[in-house]
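Engineer: If it helps, the file is called data_4.txt and holds compact mmCIF, N, CA and C atoms:
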```txt
# COMPACT_ATOMS: atom_id res chain seq x y z
N MET W 1 14.75 -24.13 -56.78
CA MET W 1 14.81 -22.70 -56.64
C MET W 1 13.61 -22.18 -55.85
N THR W 2 12.45 -22.67 -56.13
CA THR W 2 11.25 -22.21 -55.43
C THR W 2 11.28 -22.59 -53.97
N LEU W 3 11.85 -23.72 -53.63
CA LEU W 3 11.93 -24.13 -52.24
C LEU W 3 12.79 -23.14 -51.44
N ILE W 4 13.89 -22.72 -52.00
CA ILE W 4 14.76 -21.76 -51.31
C ILE W 4 14.04 -20.42 -51.15
N THR W 5 13.32 -19.99 -52.14
CA THR W 5 12.58 -18.72 -52.08
C THR W 5 11.49 -18.80 -51.01
N LEU W 6 10.79 -19.90 -50.94
CA LEU W 6 9.74 -20.07 -49.92
C LEU W 6 10.33 -20.07 -48.52
N LEU W 7 11.48 -20.71 -48.33
CA LEU W 7 12.11 -20.74 -47.01
C LEU W 7 12.57 -19.34 -46.60
N GLN W 8 13.11 -18.58 -47.55
CA GLN W 8 13.54 -17.23 -47.25
C GLN W 8 12.35 -16.34 -46.90
N ALA W 9 11.25 -16.51 -47.61
CA ALA W 9 10.05 -15.70 -47.35
C ALA W 9 9.46 -16.05 -45.98
N ALA W 10 9.55 -17.30 -45.57
CA ALA W 10 9.01 -17.72 -44.28
C ALA W 10 9.84 -17.18 -43.13
N GLN W 11 11.13 -16.97 -43.34
CA GLN W 11 11.99 -16.48 -42.28
C GLN W 11 11.89 -14.97 -42.08
N GLN W 12 11.44 -14.24 -43.07
CA GLN W 12 11.33 -12.79 -42.97
C GLN W 12 10.04 -12.42 -42.26
N PRO W 13 10.12 -11.51 -41.27
CA PRO W 13 8.89 -11.10 -40.57
C PRO W 13 8.00 -10.27 -41.48
N ALA W 14 6.73 -10.27 -41.15
CA ALA W 14 5.78 -9.49 -41.95
C ALA W 14 6.06 -8.01 -41.75
N ALA W 15 5.82 -7.23 -42.75
CA ALA W 15 6.08 -5.79 -42.68
C ALA W 15 5.15 -5.14 -41.66
N GLY W 16 5.71 -4.32 -40.76
CA GLY W 16 4.90 -3.63 -39.75
C GLY W 16 4.62 -4.46 -38.51
N GLY W 17 4.98 -5.70 -38.49
CA GLY W 17 4.73 -6.56 -37.33
C GLY W 17 5.53 -6.15 -36.12
N GLY W 18 6.74 -5.65 -36.32
CA GLY W 18 7.59 -5.23 -35.21
C GLY W 18 7.04 -4.00 -34.50
N ALA W 19 6.52 -3.06 -35.25
CA ALA W 19 5.99 -1.83 -34.66
C ALA W 19 4.74 -2.12 -33.83
N SER W 20 3.86 -2.94 -34.35
CA SER W 20 2.63 -3.24 -33.60
C SER W 20 2.95 -4.04 -32.33
N PHE W 21 3.99 -4.87 -32.37
CA PHE W 21 4.40 -5.63 -31.20
C PHE W 21 4.84 -4.66 -30.09
N TRP W 22 5.68 -3.67 -30.43
CA TRP W 22 6.17 -2.72 -29.43
C TRP W 22 5.06 -1.84 -28.89
N ILE W 23 4.12 -1.50 -29.74
CA ILE W 23 2.97 -0.71 -29.28
C ILE W 23 2.16 -1.51 -28.26
N MET W 24 1.95 -2.78 -28.53
CA MET W 24 1.20 -3.63 -27.60
C MET W 24 1.95 -3.80 -26.28
N ILE W 25 3.26 -3.94 -26.33
CA ILE W 25 4.07 -4.08 -25.11
C ILE W 25 3.96 -2.79 -24.29
N LEU W 26 4.09 -1.64 -24.94
CA LEU W 26 3.97 -0.36 -24.23
C LEU W 26 2.58 -0.18 -23.62
N LEU W 27 1.54 -0.56 -24.34
CA LEU W 27 0.19 -0.48 -23.80
C LEU W 27 0.02 -1.40 -22.60
N LEU W 28 0.61 -2.57 -22.67
CA LEU W 28 0.53 -3.53 -21.56
C LEU W 28 1.18 -2.94 -20.30
N PHE W 29 2.36 -2.34 -20.45
CA PHE W 29 3.02 -1.72 -19.30
C PHE W 29 2.24 -0.52 -18.79
N GLY W 30 1.65 0.25 -19.69
CA GLY W 30 0.83 1.40 -19.28
C GLY W 30 -0.37 0.97 -18.46
N VAL W 31 -1.06 -0.05 -18.90
CA VAL W 31 -2.22 -0.55 -18.17
C VAL W 31 -1.79 -1.14 -16.84
N MET W 32 -0.68 -1.87 -16.81
CA MET W 32 -0.19 -2.46 -15.57
C MET W 32 0.16 -1.35 -14.57
N TRP W 33 0.82 -0.30 -15.03
CA TRP W 33 1.16 0.81 -14.13
C TRP W 33 -0.10 1.47 -13.60
N PHE W 34 -1.08 1.70 -14.49
CA PHE W 34 -2.29 2.42 -14.10
C PHE W 34 -3.12 1.65 -13.09
N PHE W 35 -3.21 0.34 -13.24
CA PHE W 35 -4.08 -0.46 -12.36
C PHE W 35 -3.37 -1.11 -11.18
N MET W 36 -2.04 -1.22 -11.22
CA MET W 36 -1.36 -1.92 -10.13
C MET W 36 -0.39 -1.02 -9.37
N ILE W 37 0.51 -0.37 -10.05
CA ILE W 37 1.57 0.38 -9.38
C ILE W 37 1.05 1.70 -8.82
N ARG W 38 0.26 2.43 -9.58
CA ARG W 38 -0.24 3.73 -9.15
C ARG W 38 -1.08 3.64 -7.87
N PRO W 39 -2.05 2.74 -7.78
CA PRO W 39 -2.83 2.64 -6.53
C PRO W 39 -1.98 2.23 -5.32
N GLN W 40 -0.99 1.37 -5.55
CA GLN W 40 -0.14 0.95 -4.44
C GLN W 40 0.69 2.12 -3.93
N ARG W 41 1.22 2.94 -4.83
CA ARG W 41 1.98 4.12 -4.40
C ARG W 41 1.10 5.09 -3.63
N LYS W 42 -0.12 5.27 -4.08
CA LYS W 42 -1.06 6.16 -3.41
C LYS W 42 -1.34 5.67 -1.99
N GLN W 43 -1.55 4.37 -1.85
CA GLN W 43 -1.81 3.78 -0.54
C GLN W 43 -0.60 3.94 0.38
N GLN W 44 0.61 3.76 -0.15
CA GLN W 44 1.82 3.92 0.65
C GLN W 44 1.99 5.36 1.12
N LYS W 45 1.68 6.32 0.26
CA LYS W 45 1.79 7.73 0.65
C LYS W 45 0.78 8.08 1.74
N GLU W 46 -0.44 7.54 1.65
CA GLU W 46 -1.46 7.79 2.67
C GLU W 46 -1.03 7.19 4.01
N LEU W 47 -0.46 5.99 4.00
CA LEU W 47 -0.01 5.34 5.22
C LEU W 47 1.15 6.12 5.85
N GLU W 48 2.08 6.61 5.02
CA GLU W 48 3.20 7.40 5.52
C GLU W 48 2.69 8.71 6.13
N LYS W 49 1.72 9.33 5.49
CA LYS W 49 1.14 10.57 6.02
C LYS W 49 0.47 10.30 7.36
N PHE W 50 -0.28 9.19 7.46
CA PHE W 50 -0.94 8.80 8.71
C PHE W 50 0.08 8.63 9.83
N ARG W 51 1.19 7.95 9.55
CA ARG W 51 2.21 7.71 10.57
C ARG W 51 2.87 9.00 11.01
N ASN W 52 3.07 9.92 10.09
CA ASN W 52 3.71 11.19 10.44
C ASN W 52 2.78 12.10 11.24
N GLU W 53 1.47 11.91 11.11
CA GLU W 53 0.49 12.75 11.81
C GLU W 53 -0.02 12.13 13.11
N LEU W 54 0.60 11.04 13.56
CA LEU W 54 0.19 10.42 14.82
C LEU W 54 0.34 11.40 15.97
N LYS W 55 -0.60 11.34 16.90
CA LYS W 55 -0.50 12.19 18.09
C LYS W 55 -0.91 11.39 19.31
N LYS W 56 -0.56 11.90 20.46
CA LYS W 56 -0.85 11.22 21.72
C LYS W 56 -2.36 11.07 21.86
N GLY W 57 -2.80 9.87 22.25
CA GLY W 57 -4.22 9.60 22.44
C GLY W 57 -4.88 8.90 21.26
N ASP W 58 -4.21 8.82 20.11
CA ASP W 58 -4.78 8.11 18.97
C ASP W 58 -4.86 6.62 19.26
N LYS W 59 -5.94 6.01 18.85
CA LYS W 59 -6.10 4.57 19.00
C LYS W 59 -5.63 3.93 17.70
N VAL W 60 -4.67 2.99 17.81
CA VAL W 60 -4.03 2.41 16.64
C VAL W 60 -3.99 0.90 16.71
N VAL W 61 -3.71 0.30 15.55
CA VAL W 61 -3.53 -1.15 15.44
C VAL W 61 -2.17 -1.37 14.79
N THR W 62 -1.39 -2.30 15.34
CA THR W 62 -0.08 -2.61 14.76
C THR W 62 -0.22 -3.70 13.71
N ALA W 63 0.86 -3.94 12.98
CA ALA W 63 0.86 -4.99 11.96
C ALA W 63 0.64 -6.37 12.59
N GLY W 64 0.99 -6.53 13.85
CA GLY W 64 0.80 -7.79 14.54
C GLY W 64 -0.58 -7.96 15.14
N GLY W 65 -1.44 -6.94 14.98
CA GLY W 65 -2.80 -7.04 15.47
C GLY W 65 -2.97 -6.55 16.89
N ILE W 66 -2.03 -5.81 17.43
CA ILE W 66 -2.12 -5.30 18.80
C ILE W 66 -2.84 -3.96 18.78
N TYR W 67 -3.91 -3.85 19.57
CA TYR W 67 -4.67 -2.61 19.69
C TYR W 67 -4.14 -1.83 20.87
N GLY W 68 -3.99 -0.52 20.70
CA GLY W 68 -3.51 0.28 21.81
C GLY W 68 -3.73 1.76 21.56
N THR W 69 -3.38 2.55 22.56
CA THR W 69 -3.50 4.01 22.50
C THR W 69 -2.11 4.61 22.55
N VAL W 70 -1.83 5.56 21.67
CA VAL W 70 -0.51 6.17 21.61
C VAL W 70 -0.25 6.96 22.89
N ALA W 71 0.86 6.65 23.56
CA ALA W 71 1.23 7.34 24.79
C ALA W 71 2.41 8.28 24.57
N GLU W 72 3.29 7.92 23.66
CA GLU W 72 4.48 8.73 23.41
C GLU W 72 4.96 8.47 21.98
N ILE W 73 5.44 9.52 21.32
CA ILE W 73 5.92 9.38 19.95
C ILE W 73 7.36 9.87 19.88
N GLN W 74 8.21 9.03 19.31
CA GLN W 74 9.59 9.43 19.04
C GLN W 74 9.81 9.37 17.53
N GLU W 75 11.02 9.66 17.12
CA GLU W 75 11.29 9.73 15.68
C GLU W 75 11.03 8.40 14.97
N ARG W 76 11.52 7.29 15.53
CA ARG W 76 11.39 6.00 14.87
C ARG W 76 10.47 5.03 15.60
N SER W 77 10.04 5.35 16.81
CA SER W 77 9.22 4.41 17.57
C SER W 77 8.05 5.12 18.23
N VAL W 78 7.10 4.30 18.66
CA VAL W 78 5.90 4.80 19.33
C VAL W 78 5.67 3.93 20.55
N LEU W 79 5.34 4.56 21.66
CA LEU W 79 4.99 3.85 22.89
C LEU W 79 3.47 3.78 22.93
N ILE W 80 2.93 2.56 22.93
CA ILE W 80 1.47 2.43 22.98
C ILE W 80 1.04 1.77 24.28
N LYS W 81 -0.03 2.27 24.83
CA LYS W 81 -0.61 1.72 26.05
C LYS W 81 -1.60 0.66 25.61
N VAL W 82 -1.37 -0.57 26.05
CA VAL W 82 -2.17 -1.69 25.58
C VAL W 82 -3.34 -1.98 26.51
N ASP W 83 -3.05 -2.21 27.81
CA ASP W 83 -4.10 -2.56 28.76
C ASP W 83 -3.63 -2.16 30.15
N GLY W 84 -4.43 -1.40 30.85
CA GLY W 84 -4.03 -0.97 32.18
C GLY W 84 -2.78 -0.11 32.10
N GLU W 85 -1.72 -0.58 32.76
CA GLU W 85 -0.45 0.14 32.72
C GLU W 85 0.57 -0.53 31.80
N VAL W 86 0.12 -1.48 31.01
CA VAL W 86 1.02 -2.19 30.10
C VAL W 86 1.29 -1.31 28.88
N LYS W 87 2.59 -1.06 28.64
CA LYS W 87 2.98 -0.23 27.50
C LYS W 87 3.99 -0.99 26.66
N LEU W 88 3.88 -0.83 25.37
CA LEU W 88 4.81 -1.48 24.44
C LEU W 88 5.42 -0.42 23.54
N ARG W 89 6.72 -0.54 23.30
CA ARG W 89 7.38 0.34 22.34
C ARG W 89 7.47 -0.43 21.02
N VAL W 90 6.89 0.13 19.98
CA VAL W 90 6.89 -0.51 18.67
C VAL W 90 7.48 0.45 17.64
N ASP W 91 7.98 -0.13 16.57
CA ASP W 91 8.50 0.68 15.47
C ASP W 91 7.34 1.43 14.82
N LYS W 92 7.58 2.65 14.43
CA LYS W 92 6.52 3.47 13.84
C LYS W 92 5.97 2.84 12.56
N ASN W 93 6.83 2.11 11.83
CA ASN W 93 6.39 1.48 10.59
C ASN W 93 5.46 0.29 10.81
N SER W 94 5.37 -0.20 12.04
CA SER W 94 4.48 -1.33 12.31
C SER W 94 3.04 -0.87 12.59
N ILE W 95 2.82 0.43 12.71
CA ILE W 95 1.46 0.94 12.92
C ILE W 95 0.78 1.00 11.56
N VAL W 96 -0.34 0.29 11.44
CA VAL W 96 -0.97 0.19 10.12
C VAL W 96 -2.35 0.83 10.02
N ARG W 97 -3.00 1.06 11.16
CA ARG W 97 -4.37 1.55 11.06
C ARG W 97 -4.76 2.34 12.29
N ASP W 98 -5.61 3.33 12.07
CA ASP W 98 -6.19 4.11 13.16
C ASP W 98 -7.60 3.56 13.38
N TYR W 99 -7.90 3.19 14.62
CA TYR W 99 -9.24 2.66 14.87
C TYR W 99 -10.04 3.57 15.80
N THR W 100 -9.68 4.84 15.85
CA THR W 100 -10.41 5.79 16.69
C THR W 100 -11.87 5.85 16.29
N THR W 101 -12.14 5.95 14.99
CA THR W 101 -13.54 6.03 14.52
C THR W 101 -14.26 4.71 14.75
N ASP W 102 -13.56 3.57 14.58
CA ASP W 102 -14.17 2.26 14.86
C ASP W 102 -14.52 2.13 16.33
N ALA W 103 -13.64 2.60 17.20
CA ALA W 103 -13.88 2.52 18.64
C ALA W 103 -15.06 3.40 19.03
N GLN W 104 -15.17 4.58 18.46
CA GLN W 104 -16.28 5.47 18.76
C GLN W 104 -17.60 4.86 18.29
N ALA W 105 -17.60 4.25 17.11
CA ALA W 105 -18.82 3.63 16.58
C ALA W 105 -19.26 2.47 17.46
N SER W 106 -18.31 1.65 17.93
CA SER W 106 -18.69 0.52 18.79
C SER W 106 -19.17 1.01 20.16
N ASN W 107 -18.61 2.11 20.68
CA ASN W 107 -19.08 2.69 21.94
C ASN W 107 -20.49 3.24 21.79
N ASP W 108 -20.75 3.88 20.66
CA ASP W 108 -22.10 4.40 20.40
C ASP W 108 -23.12 3.28 20.32
N GLN W 109 -22.76 2.17 19.68
CA GLN W 109 -23.66 1.04 19.58
C GLN W 109 -23.91 0.42 20.95
N ALA W 110 -22.90 0.34 21.78
CA ALA W 110 -23.04 -0.24 23.11
C ALA W 110 -23.93 0.64 23.99
N GLN W 111 -23.82 1.95 23.82
CA GLN W 111 -24.64 2.85 24.62
C GLN W 111 -26.10 2.82 24.18
N GLN W 112 -26.38 2.53 22.92
CA GLN W 112 -27.74 2.47 22.42
C GLN W 112 -28.48 1.24 22.94
N LYS W 113 -27.77 0.20 23.29
CA LYS W 113 -28.39 -1.06 23.75
C LYS W 113 -28.81 -0.97 25.16
```
Please render this file's structure as structure tokens.

Structural biologist:
Amino acid sequence: MTLITLLQAAQQPAAGGGASFWIMILLLFGVMWFFMIRPQRKQQKELEKFRNELKKGDKVVTAGGIYGTVAEIQERSVLIKVDGEVKLRVDKNSIVRDYTTDAQASNDQAQQK
């Protein structure tokens, strides 16, 4: 008789264990959202805003690492002047960075030397 009672007691979960488990799971998802998903969404919104505010003459870098100056902007694509008269049409989503400030800083350093 005692063996059956012990087996039944071992199979029953401890009281309150289920609630604390769900609280820990919810906290885990909350922390994951706060440290991983939220910053990524913020970065995506900033990049989308940057792409929508592109204007002629901006110096940009594409996802493939091509540096150029914006020559023409259309709804889905951008024409960038790469070197001399070489122009490339790239998808607007492939533009990842503005290097206008980087280019100005390197020009200032070159002029100081």

Engineer: Just want the 5 Å neighbourhood of region 67-79 of chain W, counted on all atoms listed in the file, with same-chain residues fewer than 5 positions away dropped. Output as a ChimeraX atom specification.

Structural biologist: /W:56-61,88-92

Engineer: Record the distance separating CA of Gln40 (chain W) and atom C of Ser20 (chain W), expressed in Å with one decimal.

Structural biologist: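 Atom C of Ser20 (chain W) lies at a distance of 28.5 Å from CA of Gln40 (chain W).
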
Engineer: Just list the residues in region 13-103 of chain W DSSP gives helix (DSSP H, G or I) on the backbone, as a PyMOL selection string.

Structural biologist: chain W and resi 17-52+92-94+100-103

Engineer: To one decimal place, how far is CA of Asp98 (chain W) from atom N of Lys45 (chain W) in Å?

Structural biologist: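 Taking CA of Asp98 (chain W) as the start and atom N of Lys45 (chain W) as the end point, the length is 15.3 Å.
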
Engineer: Rounded to one decimal in Å, what is the spacing between atom N of Lys87 (chain W) and CA of Tyr99 (chain W)?

Structural biologist: 18.5 Å

Engineer: Around all listed atoms of region 59-71 of chain W, padded 8 Å per side, what centre and edge lengths does the axis-aligned box have in Å to one decimal, as JSON?

Structural biologist:
```
{"center_x": -1.8, "center_y": 0.2, "center_z": 18.4, "size_x": 24.5, "size_y": 32.2, "size_z": 28.8}
```

Engineer: Quick one: of W:Thr101, W:Gly18, W:Asn93, W:Leu26, who's nearest to Gln44 (chain W), counting only C-alpha atoms?

Structural biologist: W:Asn93

Engineer: Nearest to Ser94 (chain W) among W:Leu54, W:Ala19, W:Ala63, W:Leu27, with distances taken over all atoms listed in the file: which residue is it?

Structural biologist: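 With all atoms listed in the file as the atom set, the closest residue is W:Ala63.
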